[in-house]
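Participant: CSV, C-alpha atoms, file work_15.csv:
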```csv
chain,number,residue,atom,x,y,z
A,222,MET,CA,-33.9,9.8,18.0
A,223,PRO,CA,-34.0,6.1,19.2
A,224,LYS,CA,-30.7,4.6,20.2
A,225,LYS,CA,-28.8,2.8,17.5
A,226,LYS,CA,-27.4,-0.7,17.9
A,227,ILE,CA,-23.7,-1.4,17.3
A,228,ALA,CA,-21.9,-4.7,17.1
A,229,THR,CA,-18.2,-5.4,16.8
A,230,VAL,CA,-16.9,-8.7,15.4
A,231,TRP,CA,-13.5,-10.3,15.3
A,232,LEU,CA,-12.8,-12.6,12.4
A,233,GLY,CA,-9.3,-13.5,11.1
A,234,GLY,CA,-7.2,-10.9,12.8
A,235,CYS,CA,-5.1,-10.3,15.9
A,236,SER,CA,-7.6,-8.3,18.0
A,237,GLY,CA,-5.3,-5.3,17.7
A,238,CYS,CA,-8.1,-3.3,16.0
A,239,HIS,CA,-10.4,-4.0,19.0
A,240,MET,CA,-7.6,-2.8,21.3
A,241,SER,CA,-7.5,0.4,19.2
A,242,LEU,CA,-11.3,0.6,19.5
A,243,LEU,CA,-10.9,0.4,23.3
A,244,ASP,CA,-8.3,3.2,23.1
A,245,ILE,CA,-11.2,5.7,22.4
A,246,ASP,CA,-11.2,5.7,26.2
A,247,GLU,CA,-13.8,8.0,27.8
A,248,ARG,CA,-15.3,8.8,24.4
A,249,ILE,CA,-17.0,5.4,24.7
A,250,LEU,CA,-19.5,7.5,26.8
A,251,ASP,CA,-20.4,9.6,23.8
A,252,VAL,CA,-20.9,6.5,21.8
A,253,ALA,CA,-23.1,5.0,24.7
A,254,GLN,CA,-25.3,8.0,24.6
A,255,LEU,CA,-26.2,7.4,21.0
A,256,ALA,CA,-26.0,3.6,20.8
A,257,ASP,CA,-26.0,0.3,22.6
A,258,ILE,CA,-23.2,-2.1,22.0
A,259,VAL,CA,-25.2,-5.3,21.6
A,260,LYS,CA,-22.4,-7.7,20.5
A,261,CYS,CA,-18.6,-7.8,20.8
A,262,PRO,CA,-16.0,-10.5,21.2
A,263,ILE,CA,-16.2,-10.5,25.0
A,264,VAL,CA,-20.0,-11.1,25.2
A,265,ASP,CA,-21.5,-14.6,25.1
A,266,GLY,CA,-21.9,-16.5,21.8
A,267,LYS,CA,-25.4,-15.6,20.9
A,268,GLU,CA,-26.1,-14.9,17.2
A,269,LEU,CA,-25.8,-11.4,15.9
A,270,PRO,CA,-29.1,-9.6,16.3
A,271,GLU,CA,-30.3,-7.0,13.8
A,272,VAL,CA,-28.0,-4.0,14.2
A,273,ASP,CA,-27.4,-0.6,12.6
A,274,ILE,CA,-23.7,-0.7,12.5
A,275,THR,CA,-21.2,-3.6,12.6
A,276,LEU,CA,-17.5,-3.0,12.9
A,277,VAL,CA,-15.7,-6.1,11.5
A,278,GLU,CA,-12.1,-6.8,12.3
A,279,GLY,CA,-10.1,-9.4,10.4
A,280,SER,CA,-10.3,-11.2,7.1
A,281,VAL,CA,-12.3,-14.2,5.9
A,282,THR,CA,-10.0,-17.2,6.5
A,283,SER,CA,-12.4,-20.2,7.1
A,284,ASP,CA,-15.9,-21.7,6.6
A,285,GLU,CA,-16.9,-20.3,10.0
A,286,HIS,CA,-15.8,-16.7,9.1
A,287,LEU,CA,-17.6,-16.9,5.8
A,288,ARG,CA,-20.9,-18.1,7.4
A,289,GLU,CA,-20.5,-15.3,10.0
A,290,ILE,CA,-19.8,-12.5,7.6
A,291,LEU,CA,-22.8,-13.4,5.4
A,292,HIS,CA,-24.9,-13.4,8.5
A,293,ILE,CA,-23.5,-10.1,9.6
A,294,ARG,CA,-24.2,-8.6,6.2
A,295,ALA,CA,-27.8,-9.8,6.4
A,296,GLN,CA,-28.3,-8.5,10.0
A,297,SER,CA,-26.5,-5.1,9.6
A,298,LYS,CA,-27.6,-1.9,8.0
A,299,THR,CA,-24.0,-0.7,7.7
A,300,VAL,CA,-20.9,-2.9,7.7
A,301,ILE,CA,-17.6,-1.2,8.4
A,302,ALA,CA,-14.4,-3.0,7.6
A,303,MET,CA,-12.1,-2.1,10.5
A,304,GLY,CA,-8.3,-2.4,10.0
A,305,ASP,CA,-6.0,-3.6,7.2
A,306,CYS,CA,-6.9,-7.4,7.6
A,307,ALA,CA,-10.6,-6.6,6.8
A,308,VAL,CA,-9.7,-4.2,4.1
A,309,THR,CA,-6.7,-5.7,2.3
A,310,SER,CA,-6.2,-9.1,4.0
A,311,ASN,CA,-2.9,-7.7,5.3
A,312,ILE,CA,-0.7,-10.1,7.4
A,313,THR,CA,-3.4,-12.7,7.5
A,314,GLY,CA,-3.3,-12.9,3.7
A,315,MET,CA,0.4,-13.5,3.7
A,316,ARG,CA,-0.3,-17.2,3.9
A,317,ASN,CA,-1.8,-17.0,0.4
A,318,TYR,CA,1.7,-17.3,-0.9
A,319,PHE,CA,1.7,-20.9,0.2
A,320,ASN,CA,-0.7,-23.8,-0.2
A,321,LEU,CA,-2.7,-24.8,2.8
A,322,LYS,CA,-0.8,-28.0,3.5
A,323,GLU,CA,2.5,-26.1,3.7
A,324,VAL,CA,0.9,-23.6,6.2
A,325,PHE,CA,-0.4,-26.4,8.4
A,326,ASP,CA,2.8,-28.3,8.3
A,327,THR,CA,4.8,-25.3,9.2
A,328,ALA,CA,2.6,-24.5,12.2
A,329,TYR,CA,2.0,-28.0,13.5
A,330,VAL,CA,4.2,-30.7,12.0
A,331,ASN,CA,7.6,-29.0,11.5
A,332,ALA,CA,7.3,-26.3,14.2
A,333,ILE,CA,10.5,-25.9,16.1
A,334,SER,CA,8.5,-26.0,19.4
A,335,ASN,CA,7.2,-29.5,18.7
A,336,ASP,CA,8.6,-31.9,21.4
A,337,THR,CA,6.8,-35.0,20.0
A,338,GLU,CA,5.7,-35.9,16.5
A,339,GLY,CA,3.5,-33.0,15.4
A,340,LYS,CA,0.2,-33.6,13.7
A,341,VAL,CA,-2.4,-31.3,12.3
A,342,PRO,CA,-5.4,-31.0,14.6
A,343,ASN,CA,-8.6,-32.3,13.1
A,344,HIS,CA,-11.6,-32.0,15.4
A,345,ILE,CA,-15.2,-31.5,14.4
A,346,ALA,CA,-15.4,-28.4,16.5
A,347,LEU,CA,-12.5,-26.6,14.8
A,348,LEU,CA,-13.1,-24.3,11.9
A,349,LYS,CA,-12.0,-25.4,8.4
A,350,LEU,CA,-9.5,-23.1,6.9
A,351,HIS,CA,-10.0,-21.9,3.4
A,352,GLU,CA,-7.2,-22.4,0.8
A,353,LYS,CA,-6.9,-18.6,0.5
A,354,VAL,CA,-7.6,-15.7,2.8
A,355,VAL,CA,-9.8,-12.9,1.4
A,356,PRO,CA,-10.7,-9.4,2.6
A,357,LEU,CA,-14.3,-8.7,3.3
A,358,GLN,CA,-15.1,-6.9,0.1
A,359,GLU,CA,-14.5,-10.1,-1.9
A,360,VAL,CA,-17.4,-11.8,-0.2
A,361,ILE,CA,-19.9,-9.1,0.8
A,362,THR,CA,-20.7,-5.5,0.1
A,363,VAL,CA,-18.8,-3.3,2.5
A,364,ASP,CA,-20.2,0.1,3.3
A,365,PHE,CA,-17.2,1.8,4.7
A,366,VAL,CA,-13.5,1.0,5.3
A,367,ILE,CA,-11.0,2.1,8.0
A,368,PRO,CA,-7.6,1.1,6.9
A,369,GLY,CA,-4.7,0.9,9.4
A,370,CYS,CA,-2.8,-1.8,11.3
A,371,PRO,CA,-4.3,-1.0,13.6
A,372,PRO,CA,-6.3,2.2,12.7
A,373,ASN,CA,-5.9,5.1,15.2
A,374,ALA,CA,-8.4,5.2,18.0
A,375,ASP,CA,-9.2,8.8,16.8
A,376,THR,CA,-10.0,7.6,13.3
A,377,ILE,CA,-12.2,4.7,14.6
A,378,PHE,CA,-14.1,7.1,16.9
A,379,TYR,CA,-14.5,9.7,14.2
A,380,VAL,CA,-16.0,7.2,11.7
A,381,LEU,CA,-18.3,5.6,14.4
A,382,TYR,CA,-19.4,9.0,15.6
A,383,GLU,CA,-20.2,10.3,12.1
A,384,PHE,CA,-22.3,7.2,11.4
A,385,LEU,CA,-24.1,7.4,14.7
A,386,ASN,CA,-25.1,11.0,13.7
A,387,ASP,CA,-26.2,9.9,10.3
A,388,ARG,CA,-23.3,11.5,8.5
A,389,ILE,CA,-20.9,9.9,6.1
A,390,PRO,CA,-17.3,10.2,7.3
A,391,ASN,CA,-14.5,11.4,5.0
A,392,LEU,CA,-11.2,9.6,5.3
A,393,SER,CA,-9.7,11.2,2.1
A,394,GLU,CA,-7.9,13.8,4.1
A,395,ALA,CA,-4.4,12.4,4.2
A,396,LYS,CA,-3.9,12.6,8.0
A,397,LYS,CA,-6.7,10.2,8.6
A,398,LEU,CA,-5.6,7.6,6.1
A,399,LYS,CA,-3.1,5.1,7.5
A,400,TYR,CA,-1.8,1.7,6.4
A,401,GLY,CA,0.5,-0.3,8.6
B,1209,MET,CA,17.5,31.9,-22.9
B,1210,ASN,CA,14.8,30.8,-25.5
B,1211,THR,CA,11.4,30.5,-23.9
B,1212,ILE,CA,8.0,29.4,-25.1
B,1213,LYS,CA,4.6,30.1,-23.8
B,1214,ILE,CA,2.6,27.1,-22.4
B,1215,THR,CA,-0.6,26.9,-20.4
B,1216,ILE,CA,-0.7,24.7,-17.3
B,1217,ASN,CA,-4.1,24.5,-15.5
B,1218,ASP,CA,-5.4,27.6,-17.2
B,1219,THR,CA,-2.4,29.8,-16.4
B,1220,VAL,CA,0.1,30.9,-19.0
B,1221,TYR,CA,3.8,30.5,-18.2
B,1222,ASP,CA,7.1,31.3,-20.0
B,1223,ILE,CA,9.2,28.1,-20.0
B,1224,ALA,CA,12.6,27.4,-21.4
B,1225,ILE,CA,12.7,25.2,-24.5
B,1226,ASN,CA,13.8,21.6,-24.0
B,1227,THR,CA,12.2,21.4,-20.6
B,1228,THR,CA,10.0,18.4,-19.7
B,1229,ILE,CA,6.4,19.0,-18.6
B,1230,LEU,CA,7.4,17.7,-15.1
B,1231,GLU,CA,10.3,20.2,-14.8
B,1232,ALA,CA,8.0,23.0,-16.0
B,1233,CYS,CA,5.4,22.1,-13.4
B,1234,LYS,CA,8.1,22.0,-10.6
B,1235,GLU,CA,9.4,25.3,-11.7
B,1236,VAL,CA,6.1,27.0,-11.4
B,1237,GLY,CA,5.2,25.1,-8.2
B,1238,ILE,CA,2.6,22.7,-9.5
B,1239,GLU,CA,2.8,19.3,-7.8
B,1240,VAL,CA,2.8,16.3,-10.1
B,1241,LEU,CA,2.7,12.8,-8.5
B,1242,THR,CA,5.7,10.6,-9.4
B,1243,ILE,CA,7.4,7.5,-8.1
B,1244,CYS,CA,9.7,6.3,-10.9
B,1245,HIS,CA,11.2,9.8,-11.3
B,1246,LEU,CA,14.3,10.4,-9.3
B,1247,GLU,CA,16.3,13.6,-9.2
B,1248,GLY,CA,19.8,13.0,-10.6
B,1249,VAL,CA,19.0,10.1,-13.0
B,1250,SER,CA,17.3,9.9,-16.3
B,1251,ASN,CA,13.5,9.5,-16.7
B,1252,VAL,CA,11.8,6.4,-18.2
B,1253,GLY,CA,8.1,7.1,-17.8
B,1254,ALA,CA,7.6,3.7,-16.1
B,1255,CYS,CA,5.1,4.4,-13.3
B,1256,ARG,CA,2.5,6.4,-15.3
B,1257,LEU,CA,1.7,8.5,-12.3
B,1258,CYS,CA,2.7,11.8,-13.8
B,1259,LEU,CA,0.3,11.4,-16.7
B,1260,VAL,CA,-1.1,14.8,-17.8
B,1261,GLU,CA,-3.7,15.9,-20.3
B,1262,VAL,CA,-2.5,17.8,-23.3
B,1263,GLU,CA,-5.1,19.6,-25.4
B,1264,GLY,CA,-5.4,18.1,-28.9
B,1265,ILE,CA,-3.9,14.8,-28.0
B,1266,ASN,CA,-6.5,12.2,-27.0
B,1267,LYS,CA,-4.2,10.1,-24.8
B,1268,LEU,CA,-2.5,11.0,-21.5
B,1269,LEU,CA,1.2,11.8,-21.7
B,1270,PRO,CA,3.8,11.2,-19.0
B,1271,ALA,CA,5.0,14.6,-17.8
B,1272,CYS,CA,8.5,13.3,-17.0
B,1273,THR,CA,9.4,12.2,-20.6
B,1274,THR,CA,7.3,14.7,-22.6
B,1275,LYS,CA,9.0,18.0,-23.6
B,1276,VAL,CA,7.1,21.2,-23.6
B,1277,ALA,CA,6.1,22.7,-27.0
B,1278,ALA,CA,5.0,26.2,-27.9
B,1279,ASN,CA,1.3,26.9,-27.0
B,1280,MET,CA,0.8,23.6,-25.3
B,1281,VAL,CA,-2.2,23.5,-23.1
B,1282,ILE,CA,-1.6,21.1,-20.2
B,1283,ARG,CA,-3.9,20.0,-17.4
B,1284,THR,CA,-2.6,18.2,-14.4
B,1285,GLN,CA,-5.5,18.0,-12.0
B,1286,THR,CA,-8.5,16.8,-13.9
B,1287,GLU,CA,-10.9,14.1,-12.6
B,1288,LYS,CA,-9.7,11.7,-15.3
B,1289,ILE,CA,-6.1,12.1,-14.2
B,1290,LYS,CA,-7.0,11.6,-10.5
B,1291,LYS,CA,-9.0,8.5,-11.5
B,1292,TYR,CA,-6.0,7.0,-13.3
B,1293,GLN,CA,-3.6,7.9,-10.5
B,1294,ARG,CA,-5.8,6.0,-8.0
B,1295,ILE,CA,-6.0,3.0,-10.3
B,1296,THR,CA,-2.2,3.0,-10.8
B,1297,THR,CA,-1.6,3.2,-7.1
B,1298,GLU,CA,-4.0,0.4,-6.4
B,1299,LEU,CA,-2.4,-1.8,-9.0
B,1300,PHE,CA,1.0,-1.3,-7.4
B,1301,PHE,CA,-0.5,-2.5,-4.1
B,1302,ALA,CA,-2.4,-5.4,-5.6
B,1303,GLU,CA,0.6,-7.0,-7.3
B,1304,ARG,CA,3.2,-8.0,-4.8
B,1305,ASN,CA,3.4,-8.0,-1.0
B,1306,HIS,CA,2.8,-4.5,0.2
B,1307,VAL,CA,1.9,-5.2,3.8
B,1308,CYS,CA,3.0,-2.0,5.5
B,1309,SER,CA,2.8,-3.3,9.0
B,1310,VAL,CA,5.6,-5.8,8.5
B,1311,CYS,CA,7.8,-3.6,6.3
B,1312,VAL,CA,11.1,-2.0,7.2
B,1313,ALA,CA,10.0,1.1,5.3
B,1314,ASN,CA,6.7,1.6,7.2
B,1315,GLY,CA,6.1,5.3,7.7
B,1316,LYS,CA,8.9,6.3,5.4
B,1317,CYS,CA,7.8,4.7,2.2
B,1318,GLU,CA,7.1,6.6,-1.0
B,1319,LEU,CA,4.4,4.1,-2.1
B,1320,GLN,CA,2.6,4.4,1.2
B,1321,LYS,CA,2.7,8.2,1.0
B,1322,LEU,CA,1.4,8.0,-2.5
B,1323,GLY,CA,-1.6,5.9,-1.3
B,1324,TYR,CA,-2.4,8.6,1.2
B,1325,LYS,CA,-2.1,11.3,-1.5
B,1326,VAL,CA,-4.4,9.7,-3.9
B,1327,GLY,CA,-6.9,8.9,-1.1
B,1328,MET,CA,-6.7,5.2,-1.5
B,1329,ASP,CA,-8.6,3.6,1.3
B,1330,HIS,CA,-9.0,0.1,-0.2
B,1331,ILE,CA,-7.9,-1.8,-3.3
B,1332,ARG,CA,-10.5,-2.8,-5.8
B,1333,TYR,CA,-8.4,-5.4,-7.6
B,1334,PRO,CA,-7.7,-9.0,-6.7
B,1335,TYR,CA,-4.3,-9.6,-5.2
B,1336,LEU,CA,-1.9,-11.6,-7.3
B,1337,PHE,CA,0.4,-13.1,-4.6
B,1338,PRO,CA,3.2,-13.8,-7.1
B,1339,SER,CA,6.0,-16.0,-5.7
B,1340,CYS,CA,8.9,-13.7,-5.1
B,1341,GLU,CA,12.3,-14.3,-3.6
B,1342,VAL,CA,14.2,-12.5,-0.9
B,1343,ASP,CA,17.9,-12.2,-1.8
B,1344,THR,CA,19.9,-11.9,1.5
B,1345,SER,CA,23.2,-13.1,-0.1
B,1346,HIS,CA,24.8,-9.7,0.1
B,1347,ALA,CA,26.9,-9.1,3.3
B,1348,TRP,CA,25.1,-5.9,4.3
B,1349,PHE,CA,22.0,-5.4,2.1
B,1350,VAL,CA,18.8,-7.3,1.3
B,1351,LEU,CA,16.7,-7.2,-1.9
B,1352,ASP,CA,13.1,-8.2,-1.2
B,1353,HIS,CA,11.4,-8.7,-4.6
B,1354,ASN,CA,8.0,-8.8,-2.8
B,1355,ARG,CA,8.2,-5.1,-2.1
B,1356,CYS,CA,9.6,-4.1,-5.5
B,1357,ILE,CA,7.3,-2.0,-7.7
B,1358,MET,CA,9.7,-2.1,-10.8
B,1359,CYS,CA,10.3,1.7,-10.8
B,1360,THR,CA,13.9,0.8,-11.9
B,1361,ARG,CA,15.3,3.7,-9.9
B,1362,CYS,CA,18.0,1.4,-8.5
B,1363,VAL,CA,18.9,0.2,-12.1
B,1364,ARG,CA,19.4,3.8,-13.3
B,1365,THR,CA,21.2,4.9,-10.2
B,1366,CYS,CA,23.7,2.0,-10.4
B,1367,ALA,CA,24.3,2.6,-14.1
B,1368,GLU,CA,24.2,6.4,-14.3
B,1369,ILE,CA,25.7,7.5,-11.0
B,1370,GLU,CA,27.8,4.6,-9.7
B,1371,GLY,CA,28.6,3.3,-13.2
B,1372,ALA,CA,28.7,-0.3,-11.9
B,1373,PHE,CA,25.8,-1.7,-13.9
B,1374,ASN,CA,25.0,-4.3,-11.3
B,1375,TRP,CA,21.2,-4.0,-11.6
B,1376,ASP,CA,19.1,-4.9,-14.6
B,1377,VAL,CA,15.6,-6.1,-15.5
B,1378,MET,CA,14.5,-9.5,-16.7
B,1379,ASN,CA,11.2,-10.9,-18.1
B,1380,ARG,CA,8.0,-9.1,-18.8
B,1381,GLY,CA,4.5,-8.7,-17.2
B,1382,ASN,CA,4.2,-10.0,-13.7
B,1383,GLN,CA,7.2,-12.2,-14.1
B,1384,VAL,CA,9.4,-9.0,-14.4
B,1385,ARG,CA,12.2,-8.9,-11.8
B,1386,ILE,CA,15.2,-6.8,-10.9
B,1387,ILE,CA,18.4,-8.9,-11.4
B,1388,SER,CA,21.9,-8.6,-10.1
B,1389,ASP,CA,24.5,-9.3,-12.9
B,1390,PHE,CA,23.1,-12.2,-15.0
B,1391,ASN,CA,20.4,-13.2,-12.5
B,1392,THR,CA,22.8,-14.4,-9.9
B,1393,PRO,CA,22.7,-13.8,-6.1
B,1394,TRP,CA,23.6,-10.3,-5.2
B,1395,GLY,CA,26.3,-11.4,-2.8
B,1396,GLN,CA,28.1,-13.1,-5.7
B,1397,SER,CA,28.1,-10.0,-7.9
B,1398,THR,CA,31.3,-9.1,-9.6
B,1399,THR,CA,30.1,-5.6,-10.6
B,1400,CYS,CA,28.4,-4.4,-7.3
B,1401,THR,CA,30.7,-2.0,-5.4
B,1402,SER,CA,28.5,-2.1,-2.3
B,1403,CYS,CA,28.2,1.6,-2.5
B,1404,GLY,CA,24.6,1.5,-1.2
B,1405,LYS,CA,23.2,4.1,-3.5
B,1406,CYS,CA,20.4,1.8,-4.7
B,1407,LEU,CA,19.2,1.7,-1.1
B,1408,HIS,CA,18.5,5.4,-1.2
B,1409,ALA,CA,17.1,5.3,-4.7
B,1410,CYS,CA,14.5,2.6,-3.8
B,1411,PRO,CA,11.2,4.2,-3.0
B,1412,THR,CA,9.9,1.3,-1.0
B,1413,GLY,CA,11.3,-1.3,1.4
B,1414,ALA,CA,12.6,-3.5,-1.4
B,1415,ILE,CA,16.3,-2.7,-0.8
B,1416,TRP,CA,17.4,-2.2,2.7
B,1417,PRO,CA,20.4,-2.7,5.0
B,1418,LYS,CA,20.4,-5.7,7.2
B,1419,ALA,CA,21.2,-3.7,10.3
B,1420,ILE,CA,17.7,-2.3,10.7
B,1421,VAL,CA,14.3,-3.6,11.8
B,1422,GLN,CA,10.6,-3.0,11.0
B,1423,GLY,CA,9.7,0.7,10.4
B,1424,GLN,CA,13.3,1.9,11.0
B,1425,LEU,CA,14.4,2.5,7.4
B,1426,GLU,CA,15.7,5.9,6.7
B,1427,LYS,CA,16.1,6.7,3.0
B,1428,LYS,CA,17.7,9.9,1.6
B,1429,PRO,CA,17.1,9.8,-2.2
B,1430,GLU,CA,18.0,13.6,-2.3
B,1431,ILE,CA,21.7,12.7,-1.7
B,1432,LEU,CA,21.8,11.2,-5.2
B,1433,LYS,CA,20.9,14.5,-6.8
B,1434,GLU,CA,23.3,16.3,-4.5
B,1435,LEU,CA,26.1,14.0,-5.6
B,1436,VAL,CA,25.4,14.5,-9.3
B,1437,GLU,CA,25.4,18.3,-8.9
B,1438,LYS,CA,28.6,18.3,-6.9
B,1439,ARG,CA,30.3,16.3,-9.6
B,1440,LYS,CA,29.2,18.9,-12.2
B,1441,MET,CA,30.8,21.6,-10.1
B,1442,ASN,CA,34.1,19.8,-10.0
B,1443,LEU,CA,34.3,19.5,-13.8
```
Could you express the structure from this file as structure tokens?
Facilitator:
Amino acid sequence: MPKKKIATVWLGGCSGCHMSLLDIDERILDVAQLADIVKCPIVDGKELPEVDITLVEGSVTSDEHLREILHIRAQSKTVIAMGDCAVTSNITGMRNYFNLKEVFDTAYVNAISNDTEGKVPNHIALLKLHEKVVPLQEVITVDFVIPGCPPNADTIFYVLYEFLNDRIPNLSEAKKLKYG
Amino acid sequence: MNTIKITINDTVYDIAINTTILEACKEVGIEVLTICHLEGVSNVGACRLCLVEVEGINKLLPACTTKVAANMVIRTQTEKIKKYQRITTELFFAERNHVCSVCVANGKCELQKLGYKVGMDHIRYPYLFPSCEVDTSHAWFVLDHNRCIMCTRCVRTCAEIEGAFNWDVMNRGNQVRIISDFNTPWGQSTTCTSCGKCLHACPTGAIWPKAIVQGQLEKKPEILKELVEKRKMNL
């Protein structure tokens, strides 16, 4: 069986899910026997190549995330939403209770830590935040979800390993499901 | 004791008359999912999780408010029921803010456990993000409307066990809210006795004591039933 290609992507999230992914510890060797990790948040900024499985952390919060997730969908055979932000929008989505201006003003203009007059950064290189944060399934077809904030390393490994062996994992057993 | 024969999931049982389907199921050891049901207070059939199929009736009936009748044929585990339980659970999560990772009740929440039980891995409905207030006016307790699922367990506990009638419900649809007195801050209530029973009645992190932090909430809803039963013994 030829080696599969895996990518992991970090959109609007805290990287906690990636930390949990790293917590699979030495089992990364079992993954490495079956697949090459061709893209992850600590490699350089090349575009996502064609891959078999992409683990996506975080929700879609901006124009850049939207472009990225559409590209990921086109390049990946299987897209796995990893963690509550990708699945439900979670904490990232809590800004949806406010309008975007209030969010910016709270963070930049009225922040307690401001020592001078705060202003909202507006540089061409910065991503443009969307008015509302949405989970992955609102913009693309997601093939599998791993809820949890963050998901357990055991669960992430289980799901990944099943996919690498061409099996469909089953999270319906209560002990593997976790939110928060 | 007068008993009648009913069939639950293809097994025939002798059940006392005037028993609800939910009580009958509990008696014979069949698990029925509930969230608005609380031992010790009356049933209102609000959450629709305990819906069961009864042969000859083409709609699902809530087990907690439907009394058993002779020769009733009840099914509690059909695919149709499981489908509706999952839908109901997802709608609970889709309405207000049920972000477990920032909630005081994380790990001890009945809604969270319900999600695991029905195998909910994601929510298929758009989130509503209604604007809800957090009432911190009480000296010791907080009411966070964002986490309320309108089970009304606090309302019934306050009225039926404490007899204070502090809590009530206003509005309809997604504007529905739990109110203290006539929709005034909880801290200004003239009826609340600060007994704290509503804290234990609440299945989620909607009512909680100020002295705790994320994931530290301990709820003991079983003490309410115990209290009701001890009172009966004293009579």
Participant: How close does chain A get to chain B? List, as JSON lines, each residue of chain A within 7 Å, its nearest atom pair and the distance in Å to one decimal, counting all atoms listed in the file.
Facilitator:
```
{"residue": "A:Val308", "atom": "CA", "partner": "B:His1330", "partner_atom": "CA", "distance": 6.1}
{"residue": "A:Thr309", "atom": "CA", "partner": "B:His1330", "partner_atom": "CA", "distance": 6.7}
{"residue": "A:Asn311", "atom": "CA", "partner": "B:Val1307", "partner_atom": "CA", "distance": 5.6}
{"residue": "A:Ile312", "atom": "CA", "partner": "B:Val1307", "partner_atom": "CA", "distance": 6.6}
{"residue": "A:Asn317", "atom": "CA", "partner": "B:Phe1337", "partner_atom": "CA", "distance": 6.7}
{"residue": "A:Tyr318", "atom": "CA", "partner": "B:Phe1337", "partner_atom": "CA", "distance": 5.7}
{"residue": "A:Val366", "atom": "CA", "partner": "B:Asp1329", "partner_atom": "CA", "distance": 6.8}
{"residue": "A:Pro368", "atom": "CA", "partner": "B:Asp1329", "partner_atom": "CA", "distance": 6.2}
{"residue": "A:Cys370", "atom": "CA", "partner": "B:Ser1309", "partner_atom": "CA", "distance": 6.2}
{"residue": "A:Ser393", "atom": "CA", "partner": "B:Gly1327", "partner_atom": "CA", "distance": 4.8}
{"residue": "A:Ala395", "atom": "CA", "partner": "B:Tyr1324", "partner_atom": "CA", "distance": 5.2}
{"residue": "A:Leu398", "atom": "CA", "partner": "B:Tyr1324", "partner_atom": "CA", "distance": 5.9}
{"residue": "A:Tyr400", "atom": "CA", "partner": "B:Cys1308", "partner_atom": "CA", "distance": 6.1}
{"residue": "A:Gly401", "atom": "CA", "partner": "B:Ser1309", "partner_atom": "CA", "distance": 3.8}
```
Participant: In Å, with one decimal, what is the gap from atom CA of Arg1304 of chain B to atom CA of His1408 of chain B?
Facilitator: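 Between atom CA of Arg1304 of chain B and atom CA of His1408 of chain B the gap is 20.7 Å.
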Participant: Given all atoms listed in the file as the basis, pick out the residue of A:Gln254, A:Asn343, A:Thr299, A:Gln358 nearest to Ser280 of chain A.
Facilitator: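 Once distances to Ser280 of chain A are computed over all atoms listed in the file, the minimum belongs to A:Gln358.
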Participant: Which residues, written as a PDB file with C-alpha atoms, in the coordinates of the input, have at least one atom at most 12 Å from Glu1370 of chain B, with only C-alpha atoms counted and residues fewer than 5 positions away on the same chain left out?
Facilitator:
```pdb
ATOM      1  CA  GLY B1248      19.800  13.000 -10.600  1.00  0.00           C
ATOM      2  CA  VAL B1249      19.000  10.100 -13.000  1.00  0.00           C
ATOM      3  CA  CYS B1362      18.000   1.400  -8.500  1.00  0.00           C
ATOM      4  CA  VAL B1363      18.900   0.200 -12.100  1.00  0.00           C
ATOM      5  CA  ARG B1364      19.400   3.800 -13.300  1.00  0.00           C
ATOM      6  CA  THR B1365      21.200   4.900 -10.200  1.00  0.00           C
ATOM      7  CA  TRP B1375      21.200  -4.000 -11.600  1.00  0.00           C
ATOM      8  CA  THR B1399      30.100  -5.600 -10.600  1.00  0.00           C
ATOM      9  CA  CYS B1400      28.400  -4.400  -7.300  1.00  0.00           C
ATOM     10  CA  THR B1401      30.700  -2.000  -5.400  1.00  0.00           C
ATOM     11  CA  SER B1402      28.500  -2.100  -2.300  1.00  0.00           C
ATOM     12  CA  CYS B1403      28.200   1.600  -2.500  1.00  0.00           C
ATOM     13  CA  GLY B1404      24.600   1.500  -1.200  1.00  0.00           C
ATOM     14  CA  LYS B1405      23.200   4.100  -3.500  1.00  0.00           C
ATOM     15  CA  CYS B1406      20.400   1.800  -4.700  1.00  0.00           C
ATOM     16  CA  ALA B1409      17.100   5.300  -4.700  1.00  0.00           C
ATOM     17  CA  LEU B1432      21.800  11.200  -5.200  1.00  0.00           C
ATOM     18  CA  LEU B1435      26.100  14.000  -5.600  1.00  0.00           C
ATOM     19  CA  VAL B1436      25.400  14.500  -9.300  1.00  0.00           C
ATOM     20  CA  ARG B1439      30.300  16.300  -9.600  1.00  0.00           C
TER      21      ARG B1439
END
```
Participant: So that I can check the surroundings of Leu1241 of chain B, please list as a PyMOL selection string every protein, DNA and RNA residue that reaches within 12 Å of it, counting only C-alpha atoms and ignoring chain neighbours fewer than 5 positions away.
Facilitator: chain B and resi 1230+1233-1234+1246+1255-1260+1270-1272+1284-1285+1289-1290+1292-1294+1296-1297+1318-1319+1321-1326
Participant: As an exercise, work out the distance from atom CA of Gly233 of chain A to atom CA of Val281 of chain A in Å and give it to one decimal place.
Facilitator: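 Spanning atom CA of Gly233 of chain A to atom CA of Val281 of chain A is a straight-line distance of 6.0 Å.
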Participant: Which residues are near segment 262-265 of chain A? Cut-off 10 Å, all atoms listed in the file, ignore same chain within fewer than 6 positions. Put them as an MDAnalysis selection string.
Facilitator: chainID A and resid 228:232 236 239
Participant: For Thr1227 of chain B, find every residue with an atom within 10 Å (counting all atoms listed in the file), except residues of its own chain fewer than 2 positions away, and show them as a list in words.
Facilitator: Thr1211, Ile1223, Ala1224, Ile1225, Ile1229, Leu1230, Glu1231, Ala1232, Cys1233, Cys1272, Thr1273, Thr1274, Lys1275, Val1276 and Ala1277 of chain B
Participant: So how far away is atom CA of Ile1431 of chain B from atom CA of Ala1414 of chain B, in Å?
Facilitator: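 Between atom CA of Ala1414 of chain B and atom CA of Ile1431 of chain B the gap is 18.6 Å.
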